[in-house]
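So this one's upload_36.txt, compact mmCIF, C-alpha atoms:
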# COMPACT_ATOMS: atom_id res chain seq x y z
CA MET A 2 -61.98 -58.91 6.97
CA ASN A 3 -62.37 -55.32 5.95
CA GLN A 4 -61.01 -54.52 9.34
CA ASN A 5 -58.10 -56.81 8.73
CA LEU A 6 -57.26 -55.09 5.46
CA GLN A 7 -57.34 -51.72 7.14
CA ILE A 8 -55.35 -52.90 10.11
CA LEU A 9 -52.73 -54.34 7.86
CA SER A 10 -52.26 -51.16 5.89
CA ALA A 11 -52.05 -49.07 9.04
CA GLU A 12 -49.97 -51.15 11.38
CA SER A 13 -46.55 -52.63 11.10
CA SER A 14 -46.62 -56.30 11.83
CA GLU A 15 -44.21 -59.17 11.72
CA MET A 16 -45.08 -59.47 8.03
CA ASN A 17 -44.07 -55.89 7.35
CA SER A 18 -40.89 -56.03 9.36
CA PRO A 19 -37.49 -55.96 7.66
CA PHE A 20 -37.35 -59.72 8.13
CA LYS A 21 -40.32 -60.27 5.90
CA LEU A 22 -41.87 -63.68 5.59
CA THR A 23 -41.49 -65.25 2.18
CA ASP A 24 -44.53 -65.59 -0.04
CA GLU A 25 -44.35 -69.34 0.42
CA LYS A 26 -44.47 -69.00 4.22
CA LEU A 27 -47.39 -66.60 3.94
CA ILE A 28 -49.44 -68.95 1.78
CA ALA A 29 -48.65 -71.78 4.22
CA ARG A 30 -49.96 -69.59 7.05
CA PHE A 31 -53.06 -68.74 5.06
CA GLN A 32 -53.64 -72.43 4.37
CA ASP A 33 -53.59 -72.82 8.16
CA GLY A 34 -56.31 -70.17 8.45
CA ASP A 35 -54.32 -66.99 9.07
CA ILE A 36 -56.31 -64.25 7.33
CA ASN A 37 -53.55 -61.68 7.89
CA ALA A 38 -51.28 -63.77 5.70
CA TYR A 39 -53.86 -63.50 2.91
CA ASN A 40 -54.04 -59.74 3.34
CA GLU A 41 -50.28 -59.45 3.16
CA LEU A 42 -50.20 -61.48 -0.07
CA VAL A 43 -52.90 -59.20 -1.50
CA ASN A 44 -50.82 -56.16 -0.58
CA ARG A 45 -47.71 -57.62 -2.12
CA TYR A 46 -49.27 -58.70 -5.38
CA LYS A 47 -52.19 -56.42 -6.25
CA ASP A 48 -50.04 -53.82 -8.05
CA ARG A 49 -47.72 -56.33 -9.65
CA LEU A 50 -50.64 -58.32 -11.00
CA LEU A 51 -52.34 -55.17 -12.23
CA ASN A 52 -49.22 -54.16 -14.18
CA PHE A 53 -49.12 -57.62 -15.73
CA VAL A 54 -52.83 -58.06 -16.50
CA PHE A 55 -53.12 -54.51 -17.79
CA ARG A 56 -51.01 -55.53 -20.82
CA TYR A 57 -53.72 -57.93 -21.93
CA PHE A 58 -56.53 -55.36 -21.86
CA ASN A 59 -55.01 -51.89 -21.86
CA ASN A 60 -58.01 -51.02 -19.76
CA ARG A 61 -57.63 -50.32 -16.09
CA GLU A 62 -61.14 -51.27 -15.03
CA GLN A 63 -61.02 -54.65 -16.75
CA ALA A 64 -57.53 -55.28 -15.51
CA GLU A 65 -58.53 -54.53 -11.90
CA ASP A 66 -61.51 -56.83 -12.28
CA VAL A 67 -59.27 -59.68 -13.41
CA VAL A 68 -56.83 -58.98 -10.56
CA GLN A 69 -59.73 -59.18 -8.11
CA GLU A 70 -60.85 -62.47 -9.65
CA THR A 71 -57.31 -63.73 -9.23
CA LEU A 72 -57.17 -62.70 -5.57
CA ILE A 73 -60.57 -64.29 -4.93
CA LYS A 74 -59.19 -67.51 -6.42
CA LEU A 75 -56.21 -67.17 -4.13
CA TYR A 76 -58.73 -67.12 -1.28
CA THR A 77 -60.85 -70.03 -2.44
CA HIS A 78 -58.15 -72.22 -3.98
CA ALA A 79 -55.29 -71.66 -1.54
CA SER A 80 -55.22 -75.36 -0.72
CA TYR A 81 -54.32 -76.09 -4.37
CA TYR A 82 -50.95 -74.41 -3.95
CA LYS A 83 -48.15 -76.90 -3.34
CA PRO A 84 -44.72 -75.65 -2.26
CA ILE A 85 -43.03 -77.38 -5.20
CA ALA A 86 -43.39 -74.12 -7.20
CA LYS A 87 -42.75 -70.51 -6.27
CA PHE A 88 -45.85 -68.70 -5.11
CA SER A 89 -45.28 -65.91 -7.65
CA THR A 90 -45.31 -68.44 -10.50
CA TRP A 91 -48.58 -69.87 -9.23
CA ILE A 92 -50.36 -66.55 -8.79
CA TYR A 93 -49.15 -65.17 -12.14
CA THR A 94 -50.38 -68.35 -13.82
CA ILE A 95 -53.83 -67.86 -12.28
CA ALA A 96 -53.81 -64.22 -13.39
CA LYS A 97 -52.77 -65.16 -16.92
CA ASN A 98 -55.50 -67.81 -17.17
CA ASN A 99 -58.11 -65.39 -15.82
CA ALA A 100 -57.02 -62.75 -18.31
CA LEU A 101 -57.20 -65.18 -21.22
CA THR A 102 -60.60 -66.46 -20.08
CA GLU A 103 -61.87 -62.91 -19.85
CA LEU A 104 -60.52 -62.09 -23.30
CA ARG A 105 -62.18 -65.15 -24.79
CA LYS A 106 -65.43 -64.60 -22.91
CA ASN A 107 -65.92 -61.03 -23.92
CA LYS A 108 -64.23 -61.26 -27.30
CA ARG A 109 -63.46 -57.65 -26.77
CA LYS A 110 -61.18 -55.89 -29.12
CA ARG A 111 -58.37 -54.03 -27.54
CA THR A 112 -59.16 -50.37 -27.31
CA ASP A 113 -57.01 -47.68 -28.79
CA SER A 114 -56.67 -45.93 -25.50
CA LEU A 115 -53.21 -45.56 -24.14
CA TRP A 116 -52.02 -46.18 -20.68
CA THR A 117 -51.62 -42.47 -20.13
CA ASN A 118 -55.34 -41.98 -20.74
CA GLU A 119 -56.78 -45.05 -19.07
CA GLY A 120 -54.47 -45.78 -16.24
CA LYS A 121 -52.38 -42.84 -15.39
CA PRO A 122 -49.47 -44.03 -13.31
CA ILE A 123 -49.55 -42.74 -9.77
CA ASP A 124 -46.21 -43.71 -8.39
CA ILE A 125 -43.16 -42.98 -10.48
CA LYS A 126 -39.89 -44.47 -9.34
CA MET A 127 -37.02 -42.43 -10.62
CA LYS A 128 -33.75 -42.77 -8.85
CA GLY A 129 -32.19 -39.38 -8.27
CA ASP A 130 -32.51 -38.22 -11.86
CA SER A 131 -32.53 -34.60 -12.95
CA LEU A 132 -35.86 -32.99 -13.88
CA GLU A 133 -34.85 -32.95 -17.54
CA LYS A 134 -34.02 -36.62 -17.49
CA THR A 135 -37.18 -37.44 -15.55
CA VAL A 136 -39.34 -35.63 -18.09
CA HIS A 137 -37.46 -37.33 -20.89
CA ASN A 138 -37.99 -40.71 -19.23
CA GLU A 139 -41.69 -40.03 -18.75
CA ILE A 140 -42.07 -39.25 -22.43
CA ALA A 141 -40.05 -42.34 -23.29
CA VAL A 142 -42.23 -44.46 -21.02
CA GLU A 143 -45.38 -43.07 -22.62
CA ALA A 144 -44.03 -43.95 -26.03
CA LEU A 145 -42.92 -47.34 -24.83
CA ASN A 146 -46.39 -48.14 -23.52
CA LYS A 147 -47.87 -47.16 -26.84
CA TYR A 148 -45.39 -49.32 -28.76
CA LEU A 149 -45.81 -52.23 -26.39
CA ASP A 150 -49.40 -52.26 -27.49
CA GLU A 151 -48.32 -52.57 -31.10
CA ILE A 152 -46.14 -55.64 -30.85
CA PRO A 153 -47.62 -59.18 -30.97
CA GLU A 154 -49.24 -60.30 -27.74
CA ASN A 155 -46.99 -63.32 -27.23
CA PHE A 156 -43.92 -61.06 -27.41
CA ARG A 157 -45.53 -58.36 -25.27
CA ILE A 158 -46.52 -60.63 -22.38
CA ALA A 159 -43.09 -62.26 -22.24
CA VAL A 160 -41.34 -58.87 -22.31
CA VAL A 161 -43.63 -57.48 -19.61
CA LEU A 162 -42.96 -60.43 -17.33
CA ARG A 163 -39.22 -60.08 -17.84
CA ASP A 164 -38.60 -56.33 -17.99
CA PHE A 165 -41.48 -54.87 -15.98
CA GLN A 166 -42.12 -57.69 -13.51
CA GLU A 167 -38.47 -58.75 -13.45
CA LEU A 168 -39.22 -62.47 -13.28
CA SER A 169 -36.67 -65.13 -14.17
CA TYR A 170 -36.81 -66.94 -17.49
CA GLU A 171 -37.64 -70.12 -15.63
CA GLU A 172 -40.63 -68.52 -13.91
CA ILE A 173 -41.88 -67.01 -17.15
CA SER A 174 -41.54 -70.37 -18.83
CA LYS A 175 -43.68 -71.98 -16.13
CA ILE A 176 -46.31 -69.22 -16.13
CA LEU A 177 -46.75 -69.18 -19.89
CA GLU A 178 -46.22 -72.95 -20.18
CA ILE A 179 -43.75 -72.49 -22.98
CA PRO A 180 -40.19 -73.89 -23.24
CA ILE A 181 -37.51 -71.62 -21.84
CA GLY A 182 -35.73 -71.37 -25.23
CA THR A 183 -38.92 -70.08 -26.85
CA ILE A 184 -39.36 -67.57 -24.02
CA LYS A 185 -35.83 -66.22 -24.50
CA SER A 186 -36.42 -65.94 -28.21
CA ARG A 187 -39.78 -64.13 -27.78
CA ILE A 188 -38.31 -61.69 -25.27
CA ASN A 189 -35.40 -60.96 -27.57
CA ARG A 190 -37.68 -60.46 -30.58
CA GLY A 191 -40.03 -58.27 -28.52
CA ARG A 192 -37.19 -56.10 -27.28
CA ILE A 193 -35.78 -55.69 -30.79
CA GLN A 194 -39.19 -54.69 -32.17
CA LEU A 195 -39.68 -52.22 -29.33
CA SER A 196 -36.22 -50.75 -29.72
CA GLU A 197 -36.83 -50.25 -33.45
CA LYS A 198 -40.04 -48.37 -32.70
CA MET A 199 -38.31 -46.37 -29.97
CA LYS A 200 -35.59 -45.45 -32.45
CA HIS A 201 -38.21 -43.94 -34.76
CA PHE A 202 -39.73 -42.14 -31.79
CA LYS A 203 -36.38 -40.54 -30.96
CA GLU A 204 -35.88 -39.50 -34.53
CA GLN A 205 -39.25 -37.71 -34.64
CA MET B 20 -21.91 -65.67 -37.59
CA ASP B 21 -24.50 -63.95 -39.81
CA TYR B 22 -26.76 -61.01 -38.95
CA ASN B 23 -29.75 -63.20 -37.98
CA LYS B 24 -27.67 -65.15 -35.49
CA PHE B 25 -26.28 -61.90 -34.15
CA GLU B 26 -29.77 -60.49 -33.65
CA ASP B 27 -30.99 -63.68 -31.96
CA ARG B 28 -28.22 -63.36 -29.39
CA ILE B 29 -28.42 -59.68 -28.48
CA SER B 30 -30.44 -60.19 -25.26
CA ARG B 31 -28.30 -63.11 -24.19
CA TRP B 32 -25.17 -61.01 -24.62
CA ILE B 33 -26.65 -58.07 -22.68
CA GLU B 34 -27.76 -60.39 -19.88
CA ASN B 35 -24.44 -62.26 -19.83
CA ASP B 36 -26.19 -65.51 -20.66
CA MET B 37 -23.52 -66.95 -22.97
CA ASP B 38 -20.65 -69.35 -22.64
CA VAL B 39 -17.14 -68.10 -23.37
CA LYS B 40 -17.06 -69.42 -26.92
CA GLU B 41 -20.38 -67.80 -27.86
CA ARG B 42 -19.38 -64.53 -26.24
CA LYS B 43 -16.12 -64.36 -28.16
CA GLU B 44 -17.92 -65.16 -31.39
CA PHE B 45 -20.52 -62.44 -30.72
CA GLU B 46 -17.94 -59.82 -29.78
CA LYS B 47 -15.85 -60.61 -32.82
CA PHE B 48 -18.90 -60.05 -35.00
CA LEU B 49 -19.51 -56.71 -33.30
CA SER B 50 -15.95 -55.56 -33.80
CA ASP B 51 -16.07 -56.69 -37.44
CA HIS B 52 -19.40 -54.86 -37.94
CA PRO B 53 -19.32 -51.69 -35.81
CA GLU B 54 -22.46 -50.47 -37.59
CA TYR B 55 -24.43 -53.01 -35.51
CA GLN B 56 -23.16 -51.75 -32.18
CA SER B 57 -25.92 -49.17 -32.11
CA LYS B 58 -28.44 -51.99 -32.45
CA VAL B 59 -27.19 -53.51 -29.20
CA GLU B 60 -27.27 -50.12 -27.50
CA GLU B 61 -30.86 -49.52 -28.61
CA VAL B 62 -32.00 -52.80 -27.09
CA ARG B 63 -30.07 -52.06 -23.92
CA ASN B 64 -31.70 -48.61 -23.64
CA THR B 65 -35.16 -50.04 -24.23
CA ILE B 66 -34.63 -52.53 -21.42
CA SER B 67 -33.44 -49.69 -19.20
CA VAL B 68 -36.57 -47.61 -19.91
CA MET B 69 -38.77 -50.62 -19.11
CA ASN B 70 -36.90 -51.27 -15.87
CA GLN B 71 -37.54 -47.66 -14.82
CA ALA B 72 -41.14 -47.57 -15.97
CA PRO B 73 -43.68 -46.21 -13.48
CA ILE B 74 -45.66 -48.69 -11.48
CA LEU B 75 -49.35 -48.72 -12.19
CA LYS B 76 -51.18 -48.86 -8.85
CA VAL B 77 -54.59 -50.28 -8.08
CA SER B 78 -57.33 -47.74 -7.39
CA SER B 79 -57.93 -46.55 -3.84
CA ASP B 80 -61.17 -48.53 -3.50
CA PHE B 81 -59.59 -51.79 -4.65
CA ASP B 82 -59.37 -53.35 -1.18
CA ALA B 83 -62.91 -52.30 -0.30
CA ASN B 84 -64.23 -53.73 -3.58
CA LEU B 85 -62.34 -56.97 -3.10
CA ASN B 86 -63.66 -57.25 0.42
CA GLN B 87 -67.19 -56.60 -0.80
CA ARG B 88 -66.89 -59.28 -3.46
CA LEU B 89 -65.61 -61.78 -0.92
CA LYS B 90 -68.52 -60.91 1.35
CA THR B 91 -71.07 -61.15 -1.46
CA LEU B 92 -69.77 -64.59 -2.34
CA GLY B 93 -70.00 -65.55 1.33
CA LEU B 94 -66.35 -66.45 1.33
CA ASN B 95 -65.51 -64.80 4.62
CA GLU B 96 -67.21 -67.73 6.30
CA ASN B 97 -65.08 -70.26 4.47
CA ILE B 98 -61.84 -69.15 6.00
CA LYS B 99 -60.63 -71.66 8.49
CA LYS B 100 -60.38 -70.04 11.90
CA SER B 101 -58.04 -71.09 14.63
CA ILE B 102 -59.43 -73.41 17.30
CA PHE B 103 -58.73 -72.54 20.95
CA GLY B 104 -55.84 -70.41 19.80
CA PHE B 105 -54.28 -73.25 17.77
CA SER B 106 -54.11 -73.24 14.01
CA ASN B 107 -56.13 -76.00 12.34
CA GLN B 108 -53.05 -78.03 11.57
CA ASN B 109 -51.65 -77.73 15.09
CA PHE B 110 -55.07 -78.50 16.52
CA ALA B 111 -55.20 -81.67 14.41
CA TYR B 112 -51.76 -82.72 15.68
CA LEU B 113 -52.85 -82.03 19.27
CA THR B 114 -56.04 -84.05 18.82
CA LEU B 115 -54.12 -86.96 17.33
CA THR B 116 -51.60 -86.90 20.17
CA LEU B 117 -54.32 -86.79 22.82
CA GLY B 118 -56.18 -89.58 21.03
CA ALA B 119 -53.06 -91.73 20.95
CA ILE B 120 -52.48 -91.12 24.68
CA PHE B 121 -56.12 -92.03 25.42
CA VAL B 122 -55.93 -95.27 23.41
CA LEU B 123 -52.65 -96.22 25.07
CA THR B 124 -54.00 -95.47 28.55
CA SER B 125 -57.18 -97.43 27.87
CA PHE B 126 -55.14 -100.37 26.67
CA LEU B 127 -52.97 -100.33 29.81
CA ILE B 128 -56.01 -100.07 32.11
CA GLN B 129 -57.75 -102.90 30.30
CA SER B 130 -54.65 -105.07 30.53
CA ASN B 131 -54.41 -104.44 34.29
CA SER B 132 -58.07 -105.18 34.91
CA THR B 133 -57.84 -108.47 33.00
CA TYR B 134 -55.14 -109.58 35.39
CA MET B 135 -57.17 -108.38 38.41
CA PHE B 136 -60.32 -110.24 37.33
CA ALA B 137 -58.31 -113.32 36.59
CA ASP B 138 -57.05 -113.25 40.21
CA LYS B 139 -60.57 -112.79 41.58
CA GLU B 140 -61.87 -115.65 39.50
CA LEU B 141 -59.10 -117.79 40.87
CA ASP B 142 -60.05 -116.75 44.43
CA SER B 143 -63.71 -117.64 43.92
CA LYS B 144 -62.77 -121.06 42.58
CA GLU B 145 -60.74 -121.67 45.72
CA ILE B 146 -63.78 -120.86 47.91
CA LEU B 147 -66.14 -123.12 45.98
CA ILE B 148 -64.51 -126.32 47.00
CA PRO B 149 -66.78 -129.39 46.64
CA SER B 150 -67.56 -129.74 50.38
CA ASP B 151 -68.68 -126.15 50.65
CA SER B 152 -70.77 -126.51 47.57
CA LEU B 153 -72.64 -129.44 49.09
CA GLU B 154 -73.34 -127.53 52.28
CA ILE B 155 -74.77 -124.60 50.37
CA LYS B 156 -76.85 -126.93 48.23
CA ASP B 157 -78.32 -128.54 51.38
CA GLU B 158 -79.12 -125.14 52.84
CA MET B 159 -80.91 -124.10 49.66
CA ASP B 160 -82.92 -127.31 49.58
CA GLU B 161 -84.04 -126.70 53.16
CA MET B 162 -85.16 -123.17 52.25
CA LYS B 163 -87.15 -124.54 49.28
CA ASP B 164 -88.95 -127.00 51.60
CA VAL B 165 -89.92 -124.18 53.99
CA ASP B 166 -91.33 -122.14 51.07
CA LEU B 167 -93.29 -125.12 49.86
CA LEU B 168 -94.83 -125.65 53.29
CA ASN B 169 -95.76 -121.98 53.53
CA ASN B 170 -97.51 -122.19 50.20
CA ILE B 171 -99.41 -125.32 51.18
CA ASP B 172 -100.49 -123.67 54.41
CA GLY B 173 -101.55 -120.56 52.59
CA SER B 174 -103.63 -122.35 50.00
CA PHE B 175 -105.30 -124.40 52.74
CA VAL B 176 -106.36 -121.25 54.55
CA ASN B 177 -107.64 -119.74 51.34
CA ASP B 178 -109.70 -122.79 50.47
CA GLU B 179 -111.38 -122.70 53.87
CA GLN B 180 -112.32 -119.07 53.31
Starting from the file, give its structure as structure tokens.
Amino acid sequence: MNQNLQILSAESSEMNSPFKLTDEKLIARFQDGDINAYNELVNRYKDRLLNFVFRYFNNREQAEDVVQETLIKLYTHASYYKPIAKFSTWIYTIAKNNALTELRKNKRKRTDSLWTNEGKPIDIKMKGDSLEKTVHNEIAVEALNKYLDEIPENFRIAVVLRDFQELSYEEISKILEIPIGTIKSRINRGRIQLSEKMKHFKEQ
Amino acid sequence: MDYNKFEDRISRWIENDMDVKERKEFEKFLSDHPEYQSKVEEVRNTISVMNQAPILKVSSDFDANLNQRLKTLGLNENIKKSIFGFSNQNFAYLTLTLGAIFVLTSFLIQSNSTYMFADKELDSKEILIPSDSLEIKDEMDEMKDVDLLNNIDGSFVNDEQ
């Protein structure tokens, strides 16, 4: 399988072509025994899940561990997936449950470390901005990550799923198993709290 | 509309998630209270910063570690491989189809042979007409008599010895 992972990252396949298979088709293929489909799902979701799980721990190592647990469950419990739900909803739900289990198990307090210390971002997507604006955005993002850590967890997770992961309200509602109205309210409250903190940051 | 209601609806207004009546009500409140317009802009900017936030990437040894964990757990063996180039599901369909063909063929062959045996049985009944049966019976009786005589002769010889 190691070979498969390497092959997948090096070669372009049908799965990497412009006419990409949907996640749902990939999981169906994996359920039929296609290991390459599993590898493709891992490639598609490992970073996204890390960015999500990281908000629970603010610790890269722990977050990666939980993402690996999630991807192992994807391997062992693939047959549990039914195409009535989107694959992303299913995998985020597993990740969320793993993160919560890990939090309960370890009863670890969240560290004071910031994202910039623990998990320095490698890939920065800035779309044709000037250097000044890019630097300004980087500082803003650093501040935002710090403030995200300061708002209540139920607001933070909902905001992360919406504004970082760009999931629909319906998906977030399913993942967090909370009514859609409550999700909208939490996201709104989270955004307002963040924007208030960001306002103070700008004034400094 | 009061301030609390206004605040509750900021995200919905930004994301255009309101009906016409609600939107008009919200926009009227904003025009009546221009001091709150900055509040909306702050939320909008915060969303924008989050949308442009850098993507945290897994470490370079993530795949290798995952692979190692799968190996340690012996999970590589659990993956269902394809059979003779067919996926498991397709192989199952193929097996079922072949099985159905086999059962059908067997049924047809059995039906044919029942008719064939029935014909043969009929033929044998035609041969064993009563007169023939009597002749055969007589022949068998004669053979039994010859055997009996042979035995008598044999025992006689043995006794003399």
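Reported to one decimal place, the separation of atom CA of A:Leu42 from atom CA of A:Thr71 is 11.8 Å.
Among the candidates A:Ile181, A:Val142, A:Leu162, A:Leu27, the residue lying nearest to B:Val68 is A:Val142 (atoms considered: all atoms listed in the file).
Of the residues under consideration (A:Ser169, A:Ser186, A:Asn98, A:Thr90), A:Asn98 shows the shortest atom-to-atom contact distance to A:Tyr57 when counting all atoms listed in the file.
The nearest approach to chain A among the residues B:Asp27, B:Glu54, B:Glu34, B:Asp21, with all atoms listed in the file taken into account, belongs to B:Asp27.
Interatomic distance, atom CA of A:Arg56 to atom CA of A:Leu72: 17.9 Å.
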re atom CA of B:Ser78 and atom CA of A:Lys147: distance 21.6 Å
Restricting to all atoms listed in the file, whichever of A:Arg192, A:His78, A:Arg45, A:Arg105 is closest to chain B is A:Arg192
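With distances restricted to only C-alpha atoms, B:Leu75 is the closest residue to chain A from B:Met20, B:Leu75, B:Val39, B:Ile33.
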